[in-house]
>>> print(open('my_file_14.txt').read())   # compact mmCIF, C-alpha atoms
# COMPACT_ATOMS: atom_id res chain seq x y z
CA MET F 732 55.19 242.51 -187.76
CA ASP F 733 54.03 239.11 -186.47
CA HIS F 734 53.09 236.93 -189.45
CA THR F 735 52.01 233.94 -187.33
CA LYS F 736 48.32 234.76 -187.71
CA GLU F 737 48.73 234.49 -191.49
CA LYS F 738 49.74 230.82 -191.25
CA ILE F 739 46.91 228.32 -191.57
CA VAL F 740 45.99 225.49 -189.21
CA VAL F 741 43.43 222.81 -190.08
CA SER F 742 41.89 220.24 -187.75
CA GLY F 743 38.69 218.22 -187.51
CA MET F 744 36.80 215.63 -185.46
CA ARG F 745 34.58 212.77 -186.51
CA PRO F 746 31.00 213.04 -185.17
CA THR F 747 30.72 209.48 -183.92
CA GLY F 748 29.02 210.33 -180.63
CA ARG F 749 29.13 212.69 -177.66
CA LEU F 750 32.44 214.36 -176.85
CA HIS F 751 33.97 213.68 -173.44
CA LEU F 752 36.61 215.19 -171.17
CA GLY F 753 39.34 213.36 -173.06
CA ASN F 754 38.30 215.21 -176.23
CA TYR F 755 38.03 218.47 -174.32
CA PHE F 756 41.53 218.39 -172.85
CA GLY F 757 43.03 216.56 -175.82
CA ALA F 758 41.75 218.83 -178.59
CA LEU F 759 39.15 221.48 -177.77
CA ARG F 760 41.26 223.51 -175.37
CA ASN F 761 43.98 223.44 -178.00
CA PHE F 762 41.52 224.75 -180.63
CA VAL F 763 40.80 227.72 -178.36
CA ASP F 764 44.51 228.44 -178.00
CA LEU F 765 45.30 228.03 -181.71
CA GLN F 766 42.54 230.37 -182.90
CA ASN F 767 44.37 233.23 -181.20
CA LYS F 768 47.64 232.46 -182.98
CA TYR F 769 46.78 231.21 -186.48
CA LYS F 770 44.16 231.38 -189.20
CA CYS F 771 42.19 228.26 -188.32
CA TYR F 772 39.73 225.99 -190.12
CA PHE F 773 37.97 223.62 -187.71
CA PHE F 774 35.52 221.15 -189.21
CA VAL F 775 33.17 218.35 -188.25
CA ALA F 776 34.39 215.40 -190.32
CA ASP F 777 31.05 213.86 -191.25
CA LEU F 778 32.43 212.37 -194.48
CA HIS F 779 35.12 210.64 -192.45
CA ALA F 780 32.41 209.12 -190.26
CA LEU F 781 31.01 207.45 -193.37
CA THR F 782 34.28 205.62 -194.02
CA THR F 783 33.55 203.24 -191.14
CA ALA F 784 29.78 203.55 -190.63
CA ALA F 785 28.11 204.37 -193.95
CA GLU F 786 25.27 201.98 -193.12
CA ASN F 787 24.41 203.81 -189.90
CA THR F 788 23.76 207.51 -190.44
CA ASP F 789 20.64 208.02 -188.32
CA ASP F 790 22.50 210.04 -185.70
CA LEU F 791 25.09 211.68 -187.95
CA ALA F 792 23.41 215.08 -188.29
CA ALA F 793 22.48 215.22 -184.60
CA ASN F 794 26.01 214.23 -183.56
CA SER F 795 27.43 216.93 -185.82
CA GLU F 796 25.19 219.58 -184.29
CA GLN F 797 25.99 218.49 -180.74
CA MET F 798 29.70 218.59 -181.53
CA ILE F 799 29.47 222.17 -182.76
CA ILE F 800 27.57 223.15 -179.59
CA ASP F 801 30.35 221.60 -177.50
CA TRP F 802 32.98 223.51 -179.46
CA LEU F 803 31.22 226.82 -178.98
CA ALA F 804 30.65 226.15 -175.28
CA ALA F 805 34.36 225.35 -174.93
CA GLY F 806 35.28 228.75 -176.37
CA VAL F 807 35.91 228.05 -180.06
CA ASP F 808 35.02 231.45 -181.48
CA PRO F 809 33.43 231.84 -184.96
CA GLU F 810 34.77 235.41 -185.01
CA LYS F 811 38.32 234.05 -184.83
CA CYS F 812 38.12 230.90 -186.97
CA ALA F 813 36.03 229.09 -189.58
CA ILE F 814 33.75 226.44 -188.07
CA PHE F 815 32.01 224.21 -190.61
CA ILE F 816 30.67 220.80 -191.57
CA GLN F 817 32.99 218.93 -193.94
CA SER F 818 30.25 217.86 -196.37
CA HIS F 819 29.10 221.48 -196.72
CA VAL F 820 32.26 222.14 -198.73
CA PRO F 821 31.75 220.14 -201.97
CA GLN F 822 35.19 221.15 -203.24
CA VAL F 823 36.64 218.67 -200.72
CA SER F 824 34.98 215.72 -202.45
CA GLU F 825 36.09 216.91 -205.88
CA LEU F 826 39.71 217.40 -204.88
CA THR F 827 39.70 214.02 -203.11
CA THR F 828 38.77 212.43 -206.43
CA LEU F 829 41.56 214.26 -208.26
CA LEU F 830 44.22 213.45 -205.66
CA GLY F 831 43.03 209.84 -205.61
CA MET F 832 44.08 209.64 -209.25
CA ILE F 833 47.75 210.16 -208.37
CA THR F 834 47.87 208.27 -205.04
CA PRO F 835 49.48 204.79 -205.36
CA LEU F 836 47.32 201.98 -204.01
CA GLY F 837 50.33 200.58 -202.19
CA TRP F 838 50.51 203.66 -199.99
CA LEU F 839 46.98 203.03 -198.80
CA LEU F 840 47.44 199.30 -198.24
CA ARG F 841 50.65 199.87 -196.26
CA ASN F 842 49.12 202.64 -194.19
CA PRO F 843 49.43 201.40 -190.57
CA THR F 844 46.20 203.12 -189.61
CA TYR F 845 44.31 200.98 -192.16
CA LYS F 846 44.93 197.85 -190.09
CA GLU F 847 44.37 199.76 -186.84
CA GLN F 848 40.96 200.86 -188.09
CA LEU F 849 40.14 197.31 -189.22
CA ASN F 850 40.98 196.11 -185.73
CA GLU F 851 38.78 198.83 -184.26
CA LEU F 852 35.86 197.71 -186.45
CA PHE F 853 36.49 194.17 -185.31
CA ARG F 854 36.54 195.16 -181.63
CA LYS F 855 33.16 196.82 -182.09
CA LYS F 856 31.81 193.74 -183.83
CA TYR F 857 32.96 191.51 -180.99
CA ALA F 858 32.35 193.99 -178.16
CA GLY F 859 32.26 192.27 -174.80
CA GLN F 860 34.64 189.52 -175.81
CA GLU F 861 38.26 189.45 -174.79
CA ASP F 862 40.75 191.26 -177.04
CA LYS F 863 42.53 187.93 -177.48
CA VAL F 864 39.39 186.35 -178.95
CA ALA F 865 38.90 189.27 -181.34
CA ALA F 866 42.56 189.12 -182.36
CA GLU F 867 42.31 185.39 -183.10
CA LYS F 868 39.24 185.91 -185.27
CA MET F 869 40.96 188.81 -187.03
CA ALA F 870 43.96 186.61 -187.81
CA MET F 871 41.72 183.94 -189.34
CA LEU F 872 40.04 186.32 -191.78
CA SER F 873 40.72 185.55 -195.40
CA GLU F 874 41.72 188.28 -197.84
CA ALA F 875 38.24 188.10 -199.37
CA GLU F 876 36.64 188.64 -195.96
CA LEU F 877 38.96 191.55 -195.25
CA SER F 878 37.99 193.07 -198.57
CA GLU F 879 34.32 192.67 -197.71
CA MET F 880 34.81 194.42 -194.36
CA SER F 881 36.60 197.27 -196.11
CA SER F 882 35.31 199.68 -198.75
CA PHE F 883 36.62 202.12 -201.32
CA GLY F 884 36.03 204.97 -198.87
CA PHE F 885 37.57 203.11 -195.95
CA LEU F 886 40.74 202.25 -197.84
CA GLY F 887 40.97 205.71 -199.40
CA TYR F 888 40.20 207.78 -196.30
CA PRO F 889 43.84 208.98 -196.05
CA VAL F 890 43.32 210.77 -199.38
CA LEU F 891 40.24 212.47 -197.96
CA MET F 892 42.21 213.39 -194.85
CA ALA F 893 45.02 214.79 -196.98
CA THR F 894 42.51 216.82 -198.98
CA ASP F 895 41.09 218.37 -195.81
CA ILE F 896 44.57 219.72 -195.08
CA LEU F 897 45.90 220.50 -198.56
CA ILE F 898 42.78 222.24 -199.85
CA HIS F 899 43.32 225.11 -197.38
CA LYS F 900 47.11 225.12 -197.85
CA ALA F 901 47.63 224.47 -194.16
CA ALA F 902 51.05 225.21 -192.75
CA TYR F 903 50.39 223.14 -189.64
CA VAL F 904 48.23 220.30 -188.40
CA PRO F 905 47.98 219.88 -184.61
CA VAL F 906 48.93 216.34 -183.62
CA GLY F 907 50.27 214.44 -180.64
CA GLN F 908 53.81 213.06 -180.67
CA ASP F 909 52.44 209.60 -181.54
CA GLN F 910 50.35 210.78 -184.51
CA THR F 911 52.94 212.02 -187.00
CA ALA F 912 52.47 208.97 -189.24
CA HIS F 913 48.80 209.92 -189.69
CA MET F 914 49.69 213.08 -191.59
CA GLU F 915 52.79 211.86 -193.47
CA ILE F 916 50.61 210.65 -196.34
CA ALA F 917 49.32 214.22 -196.79
CA ARG F 918 52.92 215.37 -197.21
CA ASP F 919 53.61 212.46 -199.59
CA ILE F 920 50.56 213.24 -201.74
CA ALA F 921 51.44 216.94 -201.92
CA ARG F 922 55.01 216.12 -202.92
CA ARG F 923 53.94 213.59 -205.53
CA PHE F 924 51.39 215.97 -207.05
CA ASN F 925 53.94 218.76 -207.26
CA ASP F 926 56.54 216.43 -208.82
CA ILE F 927 54.15 215.02 -211.43
CA TYR F 928 52.91 218.41 -212.58
CA SER F 929 56.12 220.41 -211.97
CA THR F 930 54.37 222.85 -209.69
CA ASP F 931 54.40 224.15 -206.14
CA THR F 932 50.60 224.35 -205.89
CA LEU F 933 50.23 222.11 -202.85
CA PHE F 934 51.98 222.85 -199.55
CA GLU F 935 53.57 220.14 -197.44
CA PRO F 936 52.04 220.66 -193.99
CA LYS F 937 54.10 220.31 -190.84
CA PRO F 938 52.97 218.73 -187.57
CA LEU F 939 52.22 221.17 -184.79
CA PHE F 940 52.96 219.17 -181.69
CA THR F 941 50.60 219.71 -178.82
CA SER F 942 51.05 218.87 -175.16
CA VAL F 943 47.88 217.52 -173.58
CA PRO F 944 47.20 216.13 -170.11
CA LYS F 945 46.55 212.43 -169.85
CA VAL F 946 42.84 211.94 -169.14
CA PRO F 947 42.05 208.39 -168.03
CA GLY F 948 38.61 206.86 -168.09
CA LEU F 949 36.70 206.03 -164.93
CA ASP F 950 38.33 202.59 -164.87
CA GLY F 951 41.89 203.80 -165.41
CA ARG F 952 42.07 202.84 -169.08
CA LYS F 953 42.12 205.47 -171.81
CA MET F 954 38.87 207.46 -171.81
CA SER F 955 36.91 206.10 -174.76
CA LYS F 956 33.28 205.69 -175.80
CA SER F 957 34.04 202.11 -176.78
CA TYR F 958 35.07 201.34 -173.18
CA GLY F 959 32.01 203.03 -171.67
CA ASN F 960 34.24 204.86 -169.17
CA THR F 961 33.70 208.49 -170.13
CA ILE F 962 32.54 211.70 -168.53
CA ASP F 963 30.70 213.39 -171.38
CA LEU F 964 30.63 217.10 -172.07
CA GLY F 965 27.28 218.54 -171.05
CA GLU F 966 26.54 215.85 -168.47
CA ASP F 967 24.44 216.85 -165.48
CA PRO F 968 26.64 217.60 -162.44
CA ALA F 969 24.77 214.99 -160.38
CA ALA F 970 25.64 212.33 -162.96
CA VAL F 971 29.26 213.46 -162.99
CA ARG F 972 29.39 213.30 -159.18
CA LYS F 973 28.17 209.71 -159.29
CA LYS F 974 30.84 208.82 -161.84
CA VAL F 975 33.59 210.51 -159.83
CA MET F 976 32.57 208.57 -156.73
CA SER F 977 32.85 205.35 -158.77
CA MET F 978 36.40 206.03 -160.03
CA PHE F 979 39.07 203.39 -159.55
CA THR F 980 41.61 204.01 -156.79
CA ASP F 981 44.63 202.13 -155.45
CA PRO F 982 43.28 198.63 -154.58
CA ASN F 983 45.93 198.30 -151.85
CA LYS F 984 44.34 201.12 -149.84
CA GLN F 985 41.80 199.27 -147.70
CA ARG F 986 41.24 201.89 -144.98
CA ALA F 987 41.07 205.68 -145.02
CA ASN F 988 44.41 206.06 -143.20
CA ASP F 989 46.31 203.48 -145.27
CA PRO F 990 49.16 204.92 -147.36
CA ALA F 991 48.60 204.56 -151.11
CA ASN F 992 50.27 205.00 -154.47
CA PRO F 993 48.68 208.07 -156.11
CA GLU F 994 50.38 207.48 -159.47
CA GLY F 995 48.22 204.41 -160.02
CA CYS F 996 45.00 206.17 -159.01
CA THR F 997 42.45 207.54 -161.49
CA VAL F 998 41.23 210.12 -158.98
CA TYR F 999 44.74 211.52 -158.59
CA ALA F 1000 45.11 211.72 -162.37
CA PHE F 1001 42.09 214.06 -162.38
CA HIS F 1002 43.50 216.03 -159.46
CA LYS F 1003 46.53 216.73 -161.67
CA ILE F 1004 44.14 218.38 -164.12
CA TYR F 1005 41.77 220.22 -161.80
CA ASN F 1006 43.71 220.74 -158.57
CA PRO F 1007 46.44 223.43 -158.48
CA ASP F 1008 47.72 221.80 -155.27
CA TYR F 1009 47.84 218.27 -156.70
CA GLN F 1010 51.41 217.74 -155.45
CA LYS F 1011 50.23 218.36 -151.89
CA ARG F 1012 47.44 215.84 -152.49
CA CYS F 1013 50.09 213.37 -153.67
CA GLU F 1014 51.96 213.66 -150.37
CA GLU F 1015 48.73 213.37 -148.35
CA CYS F 1016 47.84 210.20 -150.25
CA LYS F 1017 51.26 208.62 -149.69
CA ALA F 1018 51.06 209.45 -146.00
CA GLY F 1019 47.56 208.03 -145.60
CA ALA F 1020 46.30 211.42 -144.42
CA LEU F 1021 43.14 211.31 -146.52
CA GLY F 1022 40.61 208.65 -147.39
CA CYS F 1023 39.53 207.90 -150.97
CA VAL F 1024 35.93 209.02 -150.39
CA ALA F 1025 37.05 212.43 -149.12
CA CYS F 1026 39.51 212.71 -152.00
CA LYS F 1027 36.76 211.98 -154.52
CA LYS F 1028 34.39 214.49 -152.93
CA HIS F 1029 37.08 217.17 -153.09
CA LEU F 1030 37.74 216.36 -156.75
CA PHE F 1031 34.10 216.79 -157.65
CA GLU F 1032 34.02 220.13 -155.80
CA LEU F 1033 36.92 221.25 -158.02
CA MET F 1034 35.15 220.05 -161.16
CA GLU F 1035 31.62 221.21 -160.39
CA LYS F 1036 32.02 224.95 -161.06
CA GLU F 1037 33.64 224.41 -164.46
CA ILE F 1038 31.06 221.79 -165.44
CA THR F 1039 28.16 224.05 -164.41
CA GLU F 1040 29.53 227.04 -166.33
CA PHE F 1041 30.17 224.90 -169.41
CA ASN F 1042 26.61 223.56 -169.30
CA LYS F 1043 25.19 227.10 -169.11
CA ARG F 1044 27.12 228.13 -172.21
CA ARG F 1045 26.03 224.92 -173.89
CA ALA F 1046 22.37 225.55 -173.11
CA PHE F 1047 22.62 229.01 -174.65
CA TYR F 1048 23.78 227.68 -178.03
CA GLU F 1049 21.50 224.67 -177.91
CA SER F 1050 18.48 226.95 -177.52
CA ASP F 1051 19.34 229.11 -180.54
CA LYS F 1052 19.34 226.94 -183.68
CA ALA F 1053 19.18 230.04 -185.90
CA LEU F 1054 22.48 231.24 -184.46
CA LEU F 1055 24.03 227.79 -184.98
CA ASN F 1056 22.94 227.75 -188.62
CA LYS F 1057 24.33 231.24 -189.13
CA ILE F 1058 27.69 230.26 -187.64
CA LEU F 1059 27.90 227.11 -189.78
CA GLU F 1060 26.90 228.88 -192.99
CA ARG F 1061 29.43 231.61 -192.42
CA GLY F 1062 32.16 229.06 -191.68
CA ALA F 1063 31.23 226.95 -194.71
CA GLN F 1064 31.36 230.02 -196.94
CA GLN F 1065 34.84 230.86 -195.68
CA ALA F 1066 35.94 227.26 -196.22
CA ARG F 1067 34.38 227.09 -199.70
CA GLU F 1068 36.17 230.24 -200.81
CA SER F 1069 39.51 228.91 -199.59
CA ALA F 1070 38.87 225.46 -201.08
CA GLU F 1071 37.69 226.78 -204.45
CA ALA F 1072 40.87 228.81 -204.91
CA THR F 1073 43.04 225.72 -204.39
CA LEU F 1074 40.79 223.50 -206.51
CA LYS F 1075 41.05 225.92 -209.44
CA GLU F 1076 44.84 225.90 -209.20
CA VAL F 1077 44.90 222.09 -209.11
CA LYS F 1078 42.59 221.74 -212.10
CA LYS F 1079 44.64 224.26 -214.03
CA VAL F 1080 47.96 222.42 -213.55
CA MET F 1081 46.19 219.13 -214.36
CA LYS F 1082 44.96 220.83 -217.55
CA LEU F 1083 41.31 220.18 -216.68
CA LEU F 1084 40.27 223.78 -217.18
>>> encode(input="my_file_14.txt", output="structure tokens")
Amino acid sequence: MDHTKEKIVVSGMRPTGRLHLGNYFGALRNFVDLQNKYKCYFFVADLHALTTAAENTDDLAANSEQMIIDWLAAGVDPEKCAIFIQSHVPQVSELTTLLGMITPLGWLLRNPTYKEQLNELFRKKYAGQEDKVAAEKMAMLSEAELSEMSSFGFLGYPVLMATDILIHKAAYVPVGQDQTAHMEIARDIARRFNDIYSTDTLFEPKPLFTSVPKVPGLDGRKMSKSYGNTIDLGEDPAAVRKKVMSMFTDPNKQRANDPANPEGCTVYAFHKIYNPDYQKRCEECKAGALGCVACKKHLFELMEKEITEFNKRRAFYESDKALLNKILERGAQQARESAEATLKEVKKVMKLL
């Protein structure tokens, strides 16, 4: 008997804006694959969004809803996994408080992602200025100013993240090879809790490494909302076509029949994703057998069918709010039942019951 389906996987996304193709290929397609292999809990991390933008919640609910619609359109199936909003599971907040009681402050202050997130906040504050300027201003901040930029929730978000995982006794958390440090604190907290209370209540999750294609932005940098270089999920095909035609190519290719270096070309990076014959395109590019305009037009032709079909599925879910609410309530109920069982165990070993 295959017991893989009995193992639990947990993953979530922060609803900070529209999802884009980088999110789709980096996470959503993996969600669809994982739901067929494991018992999965996929959640919209709205509480996590508050850790860096508690003063700006006007779009939080709408972003959460749009994210769920994107998930469903991508093939995340509520019949195969639990789909829910993080804040709809109050047990998460309660367990975060309890685990915060045994988490050393030093762990949080030394967390490398803490400084990364501070830098990200700073980049947003000084958007449009050179990274060097932002870095210089960051370096000049006093400890008091750093403290003012931060908050209890911002500093303690790793405990919340650990709770998301531990409360469902996840065996695995899907991560990229460069993200293992992000979940180590969850393992540390589980181990510390079990040591303090001489129990095995909390599981130490393992990373589930995922292989994802590199999806550059329109300008060749990493696709990111903060860079304004994305192709968003649900975009109109005409808008996508315009963006594809604006993609960066090899600057050394001045004429259509000039040879070029495809490895430095954003268009070719997308051909690797959408074109089964991308290696042939690579040779054509090196030989100067195809101009950039023709190459871009071909790329959009490859993308258009998938984009159109995705948008149709998206429109179906977007038009049926009752169905969305039903899916979210069902997922939240599944998550609450799982979370409540763990919370009761934790409170019992802490002698709170």
>>> residues_around(input="my_file_14.txt", residues="Val763 (chain F)", least_positions_apart="4", cutoff="7 Å", atoms="only C-alpha atoms", output="list of chain:residue names")
F:Leu759, F:Gly806, F:Val807
>>> closest_residue(input="my_file_14.txt", among="F:Glu994, F:Gly951, F:Thr894, F:Lys738", to="Pro821 (chain F)", atoms="all atoms listed in the file")
F:Thr894
>>> closest_residue(input="my_file_14.txt", among="F:Asn787, F:Gln766, F:Thr834, F:Ser742", to="Arg918 (chain F)", atoms="all atoms listed in the file")
F:Thr834
>>> residues_near_point(input="my_file_14.txt", point="(54.8, 213.4, -209.9)", cutoff="12 Å", atoms="only C-alpha atoms", output="JSON, numbers by chain")
{"F": [830, 832, 833, 834, 835, 919, 920, 921, 922, 923, 924, 925, 926, 927, 928, 929, 930, 931, 1080, 1081]}
>>> closest_residue(input="my_file_14.txt", among="F:Ala784, F:Cys1013, F:Cys1026, F:Ala917", to="Gly995 (chain F)", atoms="only C-alpha atoms")
F:Cys1013
